[in-house]
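Source file coords-v8.txt; content: compact mmCIF, C-alpha atoms.
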```txt
# COMPACT_ATOMS: atom_id res chain seq x y z
CA MET A 1 124.98 84.14 109.48
CA SER A 2 121.51 85.39 110.41
CA THR A 3 122.23 88.92 109.16
CA ALA A 4 123.47 87.67 105.79
CA THR A 5 120.44 85.43 105.42
CA SER A 6 117.99 88.28 106.13
CA GLU A 7 119.58 90.79 103.74
CA PRO A 8 118.04 89.42 100.51
CA GLY A 9 114.59 89.60 102.12
CA LEU A 10 115.19 93.21 103.10
CA ARG A 11 116.39 94.09 99.60
CA GLU A 12 113.31 92.49 98.07
CA ARG A 13 111.04 94.40 100.42
CA LYS A 14 112.74 97.67 99.50
CA LYS A 15 112.39 96.88 95.81
CA ALA A 16 108.71 96.06 96.27
CA ALA A 17 108.18 99.30 98.20
CA THR A 18 109.87 101.34 95.45
CA ARG A 19 107.85 99.62 92.75
CA GLN A 20 104.63 100.27 94.66
CA ALA A 21 105.58 103.91 95.27
CA LEU A 22 106.19 104.45 91.55
CA HIS A 23 102.86 102.83 90.72
CA GLU A 24 100.98 104.98 93.23
CA ALA A 25 102.75 108.12 92.00
CA ALA A 26 101.79 107.32 88.40
CA VAL A 27 98.15 106.75 89.36
CA ARG A 28 97.97 109.98 91.40
CA LEU A 29 99.36 112.03 88.52
CA ALA A 30 97.13 110.33 85.95
CA ILE A 31 94.01 110.96 88.03
CA ALA A 32 94.99 114.58 88.61
CA HIS A 33 96.17 115.50 85.11
CA GLY A 34 95.15 112.71 82.72
CA ALA A 35 97.33 109.80 81.70
CA ASP A 36 98.37 111.46 78.44
CA LYS A 37 99.89 114.37 80.37
CA VAL A 38 101.98 112.16 82.64
CA THR A 39 105.68 111.68 81.88
CA VAL A 40 108.19 109.21 83.26
CA GLU A 41 110.19 112.12 84.69
CA ALA A 42 107.12 113.43 86.51
CA VAL A 43 106.41 110.00 87.99
CA ALA A 44 110.01 109.63 89.16
CA ASP A 45 109.93 113.11 90.74
CA GLU A 46 106.61 112.38 92.44
CA ALA A 47 108.02 109.16 93.92
CA GLY A 48 111.29 110.84 94.91
CA VAL A 49 113.57 108.69 92.75
CA SER A 50 115.69 109.19 89.65
CA ARG A 51 114.65 108.56 86.06
CA ARG A 52 117.16 105.72 85.97
CA THR A 53 115.57 104.13 89.03
CA PHE A 54 112.17 104.28 87.33
CA SER A 55 113.64 102.42 84.33
CA ASN A 56 114.92 99.69 86.63
CA TYR A 57 111.33 98.86 87.55
CA PHE A 58 109.12 99.77 84.59
CA ALA A 59 109.60 100.06 80.84
CA ASN A 60 107.15 102.94 80.49
CA LYS A 61 104.49 104.94 82.32
CA GLU A 62 101.71 102.61 81.13
CA GLU A 63 103.40 99.66 82.78
CA ALA A 64 103.74 101.64 86.00
CA LEU A 65 100.07 102.62 85.92
CA LEU A 66 98.95 99.03 85.41
CA TYR A 67 101.19 97.45 88.03
CA GLY A 68 98.24 97.24 90.39
CA ASP A 69 96.37 95.07 87.87
CA HIS A 70 99.43 92.86 87.58
CA ARG A 71 99.57 92.35 91.33
CA ARG A 72 95.85 91.64 91.61
CA ILE A 73 95.87 88.97 88.92
CA ALA A 74 99.10 87.46 90.24
CA THR A 75 97.35 87.17 93.62
CA LEU A 76 94.44 85.40 91.93
CA VAL A 77 96.83 82.94 90.29
CA ASP A 78 98.41 82.17 93.68
CA LEU A 79 94.97 81.66 95.21
CA VAL A 80 94.01 79.23 92.44
CA ARG A 81 97.18 77.23 93.02
CA GLY A 82 96.41 77.15 96.72
CA ARG A 83 92.89 75.75 96.38
CA PRO A 84 92.26 72.15 97.55
CA ALA A 85 93.44 69.54 95.05
CA ARG A 86 90.05 67.78 95.14
CA GLU A 87 88.31 70.80 93.56
CA SER A 88 87.56 70.85 89.85
CA ALA A 89 89.37 73.53 87.84
CA TRP A 90 86.38 75.84 87.55
CA THR A 91 85.43 75.38 91.21
CA ALA A 92 88.99 76.36 92.10
CA LEU A 93 88.73 79.49 89.94
CA ALA A 94 85.38 80.46 91.48
CA GLY A 95 86.68 79.80 94.99
CA ALA A 96 89.82 81.85 94.34
CA SER A 97 87.72 84.76 93.06
CA ASP A 98 85.53 84.72 96.15
CA GLU A 99 88.56 84.38 98.42
CA TYR A 100 90.24 87.30 96.67
CA TYR A 101 87.32 89.69 97.16
CA GLU A 102 86.98 88.57 100.76
CA GLN A 103 90.64 89.45 101.31
CA ILE A 104 90.48 92.94 99.81
CA GLY A 105 87.31 93.86 101.71
CA VAL A 106 86.41 97.49 100.97
CA VAL A 107 87.50 98.39 97.44
CA ASP A 108 90.36 100.91 97.30
CA PRO A 109 89.00 104.24 95.94
CA GLN A 110 92.30 104.82 94.11
CA TRP A 111 91.82 101.54 92.25
CA VAL A 112 88.28 102.58 91.30
CA ALA A 113 89.56 105.91 89.97
CA GLN A 114 92.32 104.13 88.06
CA THR A 115 89.86 101.68 86.53
CA ARG A 116 87.56 104.49 85.42
CA LEU A 117 90.58 106.25 83.93
CA LEU A 118 91.49 103.15 81.92
CA ARG A 119 88.17 103.27 80.12
CA THR A 120 88.97 106.72 78.70
CA GLU A 121 92.62 106.18 77.75
CA PRO A 122 93.19 104.04 74.61
CA ALA A 123 96.95 103.71 75.21
CA LEU A 124 96.31 102.24 78.64
CA LEU A 125 93.75 99.81 77.29
CA VAL A 126 96.28 98.53 74.77
CA GLN A 127 98.87 98.01 77.52
CA GLN A 128 96.24 96.35 79.71
CA VAL A 129 95.47 93.81 76.99
CA SER A 130 99.16 92.91 76.83
CA THR A 131 99.44 92.68 80.63
CA PHE A 132 96.32 90.53 80.93
CA ALA A 133 97.44 88.23 78.10
CA ALA A 134 100.68 87.39 79.93
CA LEU A 135 98.92 86.83 83.24
CA GLU A 136 96.20 84.81 81.55
CA GLN A 137 98.90 82.38 80.45
CA GLU A 138 100.03 82.01 84.07
CA LEU A 139 96.44 81.41 85.13
CA ALA A 140 96.05 78.81 82.37
CA GLY A 141 99.14 77.06 83.71
CA ALA A 142 97.56 76.83 87.15
CA VAL A 143 94.37 75.44 85.61
CA ALA A 144 96.29 72.98 83.43
CA ASP A 145 97.85 71.52 86.57
CA ARG A 146 94.35 70.33 87.49
CA LEU A 147 93.08 69.41 84.03
CA GLY A 148 96.09 68.03 82.21
CA ASP A 149 94.65 69.63 79.06
CA PRO A 150 96.39 72.87 78.03
CA VAL A 151 93.79 73.78 75.36
CA THR A 152 90.83 73.58 77.74
CA ALA A 153 92.93 75.30 80.40
CA ARG A 154 93.55 78.30 78.11
CA LEU A 155 89.87 78.46 77.21
CA MET A 156 88.86 78.24 80.86
CA ALA A 157 91.35 80.90 81.95
CA ALA A 158 90.17 83.27 79.20
CA THR A 159 86.54 82.68 80.15
CA PHE A 160 87.26 83.32 83.81
CA MET A 161 89.11 86.57 83.05
CA THR A 162 86.17 87.67 80.90
CA ALA A 163 83.79 87.00 83.79
CA MET A 164 85.93 89.09 86.13
CA ARG A 165 86.12 91.98 83.64
CA VAL A 166 82.36 91.95 83.02
CA ALA A 167 81.69 92.01 86.76
CA LEU A 168 84.07 94.93 87.26
CA HIS A 169 82.71 97.05 84.40
CA PHE A 170 79.11 96.40 85.40
CA TRP A 171 79.96 97.32 88.98
CA LEU A 172 81.47 100.63 87.88
CA GLU A 173 78.17 101.54 86.26
CA SER A 174 76.02 100.39 89.20
CA PRO A 175 74.82 102.20 92.34
CA ASP A 176 77.37 102.70 95.11
CA ASP A 177 75.87 100.01 97.34
CA THR A 178 76.35 97.28 94.70
CA SER A 179 78.65 94.47 95.84
CA LEU A 180 81.52 93.72 93.48
CA ARG A 181 82.02 90.38 95.19
CA ASP A 182 78.39 89.38 94.52
CA LEU A 183 78.65 90.47 90.87
CA ALA A 184 81.84 88.46 90.44
CA ARG A 185 80.14 85.41 91.94
CA ARG A 186 77.26 85.78 89.51
CA THR A 187 79.34 86.27 86.35
CA VAL A 188 81.73 83.46 87.26
CA ALA A 189 78.80 81.14 87.98
CA GLU A 190 77.01 82.01 84.71
CA LEU A 191 80.05 81.62 82.47
CA GLY A 192 81.15 78.48 84.29
CA LYS A 193 77.95 76.51 83.65
CA GLY A 194 79.32 74.90 80.49
CA PHE A 195 82.50 73.78 82.21
CA GLU A 196 80.58 72.49 85.22
CA ARG A 197 78.27 70.42 82.97
CA GLU A 198 81.32 68.97 81.25
CA ASN A 199 82.84 68.04 84.61
CA ALA A 200 79.58 66.41 85.69
CA ALA A 201 79.17 64.37 82.50
CA PRO A 202 79.84 60.62 82.84
```

Just dump the structure as structure tokens.
Amino acid sequence: MSTATSEPGLRERKKAATRQALHEAAVRLAIAHGADKVTVEAVADEAGVSRRTFSNYFANKEEALLYGDHRRIATLVDLVRGRPARESAWTALAGASDEYYEQIGVVDPQWVAQTRLLRTEPALLVQQVSTFAALEQELAGAVADRLGDPVTARLMAATFMTAMRVALHFWLESPDDTSLRDLARRTVAELGKGFERENAAP
């Protein structure tokens, strides 16, 4: 009984490890050679799997490259859902952002290199927009659970994602000792003022 129960967990962990290995292989190759020079076959070879295995996890190389972004935003969504029920929607978003950056601690240099790469590769930017749009809907769902208003929830989720992107891009252009967490706090606070005033209104 116990062995049968644990097997699905083991399978899921193996799948997650393979997916992560493919993502890391794609990022390594893109940083070394440029994203436009990377092929699906090269990524599969780098990760030590077959082309068919790659296709079981990702539709294309762009999706593999951006898997890290997908995981990061999915983590943010989970953190928002886990915030105390008494918090307003924007307070929950701000708290989740701060909690997220506290969890990651020192920023992964590979992520920094990947993010810089994104800014020079139009095809990746297009895929990123699609990825973020889908995750933004999930975030809006978490916000709507607190608001009960899907329109305001979508607006709030889009505003929050904009704040996070602005903080990240400004940080990439700043001196090395600049804190990404502090920048995220500032952008989230600035863009959230309108929502906070609305929440405070009688």

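For the set A:Val27, A:Leu135, A:Ala44, A:Ala144, the residue with the smallest atom-to-atom gap to Val112 in chain A is A:Val27, counting only C-alpha atoms.
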
Problem set entry | Two-atom distance - CA of Ala153 in chain A, CA of Glu138 in chain A (Å) | 10.4 Å

Could you make a table, as a Markdown table, of the residues of range 94-191 of chain A that have an atom within 12 Å of an atom of range 45-60 of chain A, each with its nearest atom pair and distance in Å to one decimal, counting all atoms listed in the file, in chain and number order?
```
| residue | atom | partner | partner_atom | distance |
| --- | --- | --- | --- | --- |
| A:Ala123 | CA | A:Asn60 | CA | 11.5 |
| A:Leu124 | CA | A:Asn60 | CA | 11.0 |
| A:Gln127 | CA | A:Asn60 | CA | 10.1 |
```

Exercise. With only C-alpha atoms as the atoms that count, which of A:Glu102, A:Asp145, A:Asp176, A:Glu62 lies nearest to Thr131 in chain A?
Worked result: A:Glu62

Seminar exercise, completed: Between CA of Arg181 in chain A and CA of Pro150 in chain A lies a distance of 28.4 Å

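Using all atoms listed in the file, the nearest neighbour of Ala30 in chain A within the list A:Arg13, A:Lys61, A:Arg165, A:Arg72 is A:Lys61.
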
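Residues lying within 12 Å of Pro109 in chain A, counting all atoms listed in the file and ignoring same-chain neighbours fewer than 5 positions away, are Val27, Arg28, Ile31, Gln114, Thr115, Arg116, Leu172 and Asp176 of chain A.
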
Exercise. Interatomic distance between CA of Leu191 in chain A and CA of Leu66 in chain A?
Worked result: 25.9 Å

Problem set entry | Residues within 12 Å of Arg154 in chain A, all atoms listed in the file, excluding chain neighbours under 2 positions, as an NGL selection string | :A and (89 or 133-145 or 147-152 or 156-161)

Output C-alpha atoms of each residue in that selection to a file, as a PDB file, in the coordinates of the input.
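Below you can see part23.pdb, which holds the result:
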```pdb
ATOM      1  CA  ALA A  89      89.370  73.530  87.840  1.00  0.00           C
ATOM      2  CA  ALA A 133      97.440  88.230  78.100  1.00  0.00           C
ATOM      3  CA  ALA A 134     100.680  87.390  79.930  1.00  0.00           C
ATOM      4  CA  LEU A 135      98.920  86.830  83.240  1.00  0.00           C
ATOM      5  CA  GLU A 136      96.200  84.810  81.550  1.00  0.00           C
ATOM      6  CA  GLN A 137      98.900  82.380  80.450  1.00  0.00           C
ATOM      7  CA  GLU A 138     100.030  82.010  84.070  1.00  0.00           C
ATOM      8  CA  LEU A 139      96.440  81.410  85.130  1.00  0.00           C
ATOM      9  CA  ALA A 140      96.050  78.810  82.370  1.00  0.00           C
ATOM     10  CA  GLY A 141      99.140  77.060  83.710  1.00  0.00           C
ATOM     11  CA  ALA A 142      97.560  76.830  87.150  1.00  0.00           C
ATOM     12  CA  VAL A 143      94.370  75.440  85.610  1.00  0.00           C
ATOM     13  CA  ALA A 144      96.290  72.980  83.430  1.00  0.00           C
ATOM     14  CA  ASP A 145      97.850  71.520  86.570  1.00  0.00           C
ATOM     15  CA  LEU A 147      93.080  69.410  84.030  1.00  0.00           C
ATOM     16  CA  GLY A 148      96.090  68.030  82.210  1.00  0.00           C
ATOM     17  CA  ASP A 149      94.650  69.630  79.060  1.00  0.00           C
ATOM     18  CA  PRO A 150      96.390  72.870  78.030  1.00  0.00           C
ATOM     19  CA  VAL A 151      93.790  73.780  75.360  1.00  0.00           C
ATOM     20  CA  THR A 152      90.830  73.580  77.740  1.00  0.00           C
ATOM     21  CA  MET A 156      88.860  78.240  80.860  1.00  0.00           C
ATOM     22  CA  ALA A 157      91.350  80.900  81.950  1.00  0.00           C
ATOM     23  CA  ALA A 158      90.170  83.270  79.200  1.00  0.00           C
ATOM     24  CA  THR A 159      86.540  82.680  80.150  1.00  0.00           C
ATOM     25  CA  PHE A 160      87.260  83.320  83.810  1.00  0.00           C
ATOM     26  CA  MET A 161      89.110  86.570  83.050  1.00  0.00           C
TER      27      MET A 161
END
```

For range 7-18 of chain A, where the input has fewer atoms than it should, I would like all heavy atoms rebuilt and written as a CSV table (one decimal), in the coordinates of the input.
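In the end it all went to selection16.csv:
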```
chain,number,residue,atom,x,y,z
A,7,GLU,N,119.4,89.7,104.7
A,7,GLU,CA,119.6,90.8,103.7
A,7,GLU,C,118.8,90.7,102.4
A,7,GLU,O,118.2,91.6,102.0
A,7,GLU,CB,121.1,91.0,103.5
A,7,GLU,CG,121.8,91.7,104.6
A,7,GLU,CD,123.3,91.8,104.3
A,7,GLU,OE1,123.8,91.3,103.3
A,7,GLU,OE2,123.9,92.5,105.2
A,8,PRO,N,118.8,89.5,101.8
A,8,PRO,CA,118.0,89.4,100.5
A,8,PRO,C,116.6,89.7,100.7
A,8,PRO,O,115.9,90.4,99.9
A,8,PRO,CB,118.3,88.0,100.1
A,8,PRO,CG,119.6,87.6,100.7
A,8,PRO,CD,119.6,88.3,102.0
A,9,GLY,N,116.0,89.3,101.8
A,9,GLY,CA,114.6,89.6,102.1
A,9,GLY,C,114.4,91.1,102.3
A,9,GLY,O,113.4,91.6,101.8
A,10,LEU,N,115.3,91.8,102.9
A,10,LEU,CA,115.2,93.2,103.1
A,10,LEU,C,115.3,93.9,101.8
A,10,LEU,O,114.6,94.9,101.5
A,10,LEU,CB,116.3,93.7,104.1
A,10,LEU,CG,116.4,95.2,104.3
A,10,LEU,CD1,115.1,95.7,104.9
A,10,LEU,CD2,117.5,95.5,105.2
A,11,ARG,N,116.2,93.5,100.9
A,11,ARG,CA,116.4,94.1,99.6
A,11,ARG,C,115.1,93.9,98.8
A,11,ARG,O,114.7,94.9,98.1
A,11,ARG,CB,117.6,93.5,98.9
A,11,ARG,CG,118.9,94.0,99.4
A,11,ARG,CD,120.0,93.7,98.3
A,11,ARG,NE,120.2,92.2,98.1
A,11,ARG,CZ,121.0,91.5,98.8
A,11,ARG,NH1,121.8,92.0,99.8
A,11,ARG,NH2,121.1,90.2,98.6
A,12,GLU,N,114.5,92.7,98.8
A,12,GLU,CA,113.3,92.5,98.1
A,12,GLU,C,112.2,93.4,98.6
A,12,GLU,O,111.4,93.9,97.8
A,12,GLU,CB,112.9,91.0,98.1
A,12,GLU,CG,113.9,90.1,97.3
A,12,GLU,CD,114.0,90.5,95.9
A,12,GLU,OE1,112.9,90.8,95.3
A,12,GLU,OE2,115.1,90.6,95.4
A,13,ARG,N,112.1,93.5,99.9
A,13,ARG,CA,111.0,94.4,100.4
A,13,ARG,C,111.2,95.8,100.0
A,13,ARG,O,110.3,96.5,99.7
A,13,ARG,CB,111.0,94.3,102.0
A,13,ARG,CG,110.5,93.0,102.5
A,13,ARG,CD,110.1,93.1,104.0
A,13,ARG,NE,111.3,93.3,104.8
A,13,ARG,CZ,112.1,92.4,105.3
A,13,ARG,NH1,111.8,91.1,105.0
A,13,ARG,NH2,113.1,92.7,106.0
A,14,LYS,N,112.5,96.3,99.9
A,14,LYS,CA,112.7,97.7,99.5
A,14,LYS,C,112.4,97.8,98.0
A,14,LYS,O,111.8,98.9,97.6
A,14,LYS,CB,114.2,98.0,99.7
A,14,LYS,CG,114.6,98.3,101.2
A,14,LYS,CD,116.0,98.7,101.4
A,14,LYS,CE,116.3,99.0,102.8
A,14,LYS,NZ,117.8,99.4,103.0
A,15,LYS,N,112.7,96.8,97.2
A,15,LYS,CA,112.4,96.9,95.8
A,15,LYS,C,110.9,96.9,95.6
A,15,LYS,O,110.4,97.7,94.8
A,15,LYS,CB,113.0,95.7,95.1
A,15,LYS,CG,114.5,95.7,94.9
A,15,LYS,CD,114.9,94.5,94.1
A,15,LYS,CE,116.4,94.5,93.9
A,15,LYS,NZ,116.9,93.2,93.2
A,16,ALA,N,110.2,96.1,96.4
A,16,ALA,CA,108.7,96.1,96.3
A,16,ALA,C,108.1,97.4,96.7
A,16,ALA,O,107.2,97.9,96.1
A,16,ALA,CB,108.2,94.9,97.1
A,17,ALA,N,108.7,98.0,97.7
A,17,ALA,CA,108.2,99.3,98.2
A,17,ALA,C,108.4,100.4,97.2
A,17,ALA,O,107.5,101.2,96.9
A,17,ALA,CB,108.9,99.7,99.5
A,18,THR,N,109.6,100.4,96.5
A,18,THR,CA,109.9,101.3,95.4
A,18,THR,C,108.9,101.2,94.3
A,18,THR,O,108.4,102.1,93.7
A,18,THR,CB,111.3,101.2,95.0
A,18,THR,OG1,112.2,101.4,96.1
A,18,THR,CG2,111.6,102.2,93.9
```
